[in-house]
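Contents: one structure, followed by commentary.
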Amino acid sequence: MYCAPMSSLRVVVWGENVHEQRHPKVAAVYPRGMHEAIAEAIREGAPEASVETATLQEPEHGLSAERLARTDVLTWWGHMAHGEVADAVVDRIQQRVLEGMGLIVLHSGHYAKIFRRLLGTTASLQWREAGERERLWVCNPGHPIAAGLGPYFELPQEEMYGEPFVIPTPDEQVFLSWFEGGEVFRSGCTWRRGNGKIFYFRPGHETYPTYHDANVRRVLANAARWAAPQGRWTDVHLSPNAKTHPEPIRGAAGG
Ligand code: ZN
């Protein structure tokens, strides 16, 4: 009997899925939800991946411990309902990142509980919604997340995010954005926390067709591949048999 090999890259695309339900303008751009557009981009650019979706409205937001245990990379888009994400789910995502699960945080996900928890800063920034042109410069052309891109790419209309972006200094700077209004922003940043890789990617305001853009879709697929766990290593602190540090990691910030 032939048994299909387990996919080498198991991705869960998490979507808050609120704007799509409430705002016809957003539903018109993303009729199947933003999470479906993001998932489709990763399936297209990384065909070896098995890509599923999860949303806020599902039990445990679609992120049970069992499901997270078999997830290699989680992507996160949220905006208006960050406060509705259960702390118990945030705790378990944090633990999985420390164990090695990759996390890709998109656009307004900069204020997600899990992003601020892992980074240990407020992640605040300047913003203006005026449909401005964004030019994303590739500042690290050899980085796997930038594979296949030119020196820069543009989005004709996006929300502006500007500095200061209150984050720990990134381990790697992959993209830097310039906006029509003159602002700049660190729009593609990586960090490691424990054994896990984190990538923040700025574009993706819900009223613009950003996740239909070919360059953005390429970045999403490249990032999913890059964020995959490498090697097997478990921090003794995270082991169920850990004796030296019995206190849970809940609320721990930074790495
Ligand atoms: Zn936005």
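Please note that chains go A, B, ... in the order of the structure tokens, that every chain numbers its residues from 1, and that ligands are numbered from 1 in the order shown.
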
List every residue of region 49-239 of chain A that DSSP, applied to the backbone of this structure, assigns to helix (DSSP H, G or I), and report them as a PyMOL selection string. chain A and resi 59-62+65-69+82-84+87-99+107-111+113-119+144-146+210-212+214-226+236-238

For the contact check between chain A and ligand 1, emit one row per residue of chain A within 6 Å, containing the shortest atom pair and the distance in Å rounded to one decimal, counting only C-alpha atoms and all ligand atoms, chain then rising number order, as CSV.
residue,atom,partner,partner_atom_place_in_ligand_line,distance
A:Ser108,CA,ligand 1,1 (Zn),5.5
A:Glu159,CA,ligand 1,1 (Zn),5.9
A:His205,CA,ligand 1,1 (Zn),3.8

Residues within 8 Å of region 152-157 of chain A, only C-alpha atoms, excluding chain neighbours under 4 positions, as number ranges by chain: A: 131-138, 208, 210, 213, 215

Can I get the selection written as an mmCIF file, in the first residue's frame, with N, CA and C atoms?
data_model
loop_
_atom_site.group_PDB
_atom_site.id
_atom_site.type_symbol
_atom_site.label_atom_id
_atom_site.label_comp_id
_atom_site.auth_asym_id
_atom_site.auth_seq_id
_atom_site.Cartn_x
_atom_site.Cartn_y
_atom_site.Cartn_z
ATOM 1 N N GLY A 131 -4.279 55.761 1.034
ATOM 2 C CA GLY A 131 -4.101 55.144 -0.275
ATOM 3 C C GLY A 131 -2.824 55.544 -0.977
ATOM 4 N N GLU A 132 -1.723 55.616 -0.219
ATOM 5 C CA GLU A 132 -0.458 56.075 -0.802
ATOM 6 C C GLU A 132 0.330 54.939 -1.447
ATOM 7 N N ARG A 133 1.164 55.326 -2.408
ATOM 8 C CA ARG A 133 2.066 54.353 -3.028
ATOM 9 C C ARG A 133 3.134 53.945 -2.013
ATOM 10 N N GLU A 134 3.450 52.648 -2.018
ATOM 11 C CA GLU A 134 4.515 52.125 -1.148
ATOM 12 C C GLU A 134 5.577 51.474 -2.026
ATOM 13 N N ARG A 135 6.822 51.805 -1.776
ATOM 14 C CA ARG A 135 7.933 51.140 -2.473
ATOM 15 C C ARG A 135 8.723 50.364 -1.437
ATOM 16 N N LEU A 136 8.782 49.054 -1.629
ATOM 17 C CA LEU A 136 9.514 48.204 -0.686
ATOM 18 C C LEU A 136 10.886 47.902 -1.266
ATOM 19 N N TRP A 137 11.908 48.461 -0.649
ATOM 20 C CA TRP A 137 13.279 48.207 -1.082
ATOM 21 C C TRP A 137 13.771 46.917 -0.448
ATOM 22 N N VAL A 138 14.456 46.112 -1.261
ATOM 23 C CA VAL A 138 15.070 44.892 -0.744
ATOM 24 C C VAL A 138 16.429 45.293 -0.179
ATOM 25 N N TYR A 208 -7.200 47.087 0.543
ATOM 26 C CA TYR A 208 -6.431 47.076 -0.705
ATOM 27 C C TYR A 208 -6.130 45.635 -1.124
ATOM 28 N N THR A 210 -3.691 43.901 -1.669
ATOM 29 C CA THR A 210 -2.262 43.626 -1.469
ATOM 30 C C THR A 210 -1.925 42.138 -1.546
ATOM 31 N N ASP A 213 -1.204 40.703 -4.942
ATOM 32 C CA ASP A 213 -0.017 41.189 -5.658
ATOM 33 C C ASP A 213 1.035 40.075 -5.780
ATOM 34 N N ASN A 215 4.294 40.040 -6.155
ATOM 35 C CA ASN A 215 5.519 40.129 -5.345
ATOM 36 C C ASN A 215 5.234 39.824 -3.877
#

| task | Give the answer as one residue: which of A:Thr122, A:Ser64, A:Gln21, A:Thr71 has the shortest atom-to-atom distance to Glu99 (chain A), using only C-alpha atoms? | result |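 Closest residue, counting only C-alpha atoms: A:Thr71.
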
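Among A:Met80, A:Leu106, A:Ala49, A:Leu118, the residue with the shortest atom-to-atom distance to Gly196 (chain A), counting only C-alpha atoms, is A:Leu118.
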
Next item on the list: May I have the residues within 7 Å of Gly188 (chain A) as a PyMOL selection string, using only C-alpha atoms and disregarding those fewer than 6 positions away in the same chain?
Entry: chain A and resi 173-176+200-202

I'd like the neighbourhood of region 65-67 of chain A as a list in words, where a residue qualifies if any of its atoms comes within 10 Å (using only C-alpha atoms), though same-chain residues fewer than 3 positions away should be ignored.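 Surrounding residues, per the criterion: Val12, Glu60, Gly62, Arg70, Thr71, Val89, Arg92, Ile93 and Arg96 of chain A.
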
Practice task
Find, counting only C-alpha atoms, the residue in A:Glu48, A:Asp72, A:Glu129, A:Glu16 that gets nearest to Met101 (chain A).
Solution key: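 Of A:Glu48, A:Asp72, A:Glu129, A:Glu16, the one nearest Met101 (chain A) is A:Asp72, counting only C-alpha atoms.
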
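Note that the spacing between CA of Val97 (chain A) and CA of Lys197 (chain A) amounts to 7.3 Å.
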
Exercise for the section: Could you give me the residues within region 134-227 of chain A that DSSP places in strand (DSSP E or B), as a PyMOL selection string? Expected result: chain A and resi 134-138+152-162+172-179+184-193+196-201

Just want the 12 Å neighbourhood of Gln57 (chain A), counted on only C-alpha atoms, with same-chain residues fewer than 4 positions away dropped. Output as a VMD selection string. chain A and resid 14 to 18 21 53 61 to 63 81 84 to 86
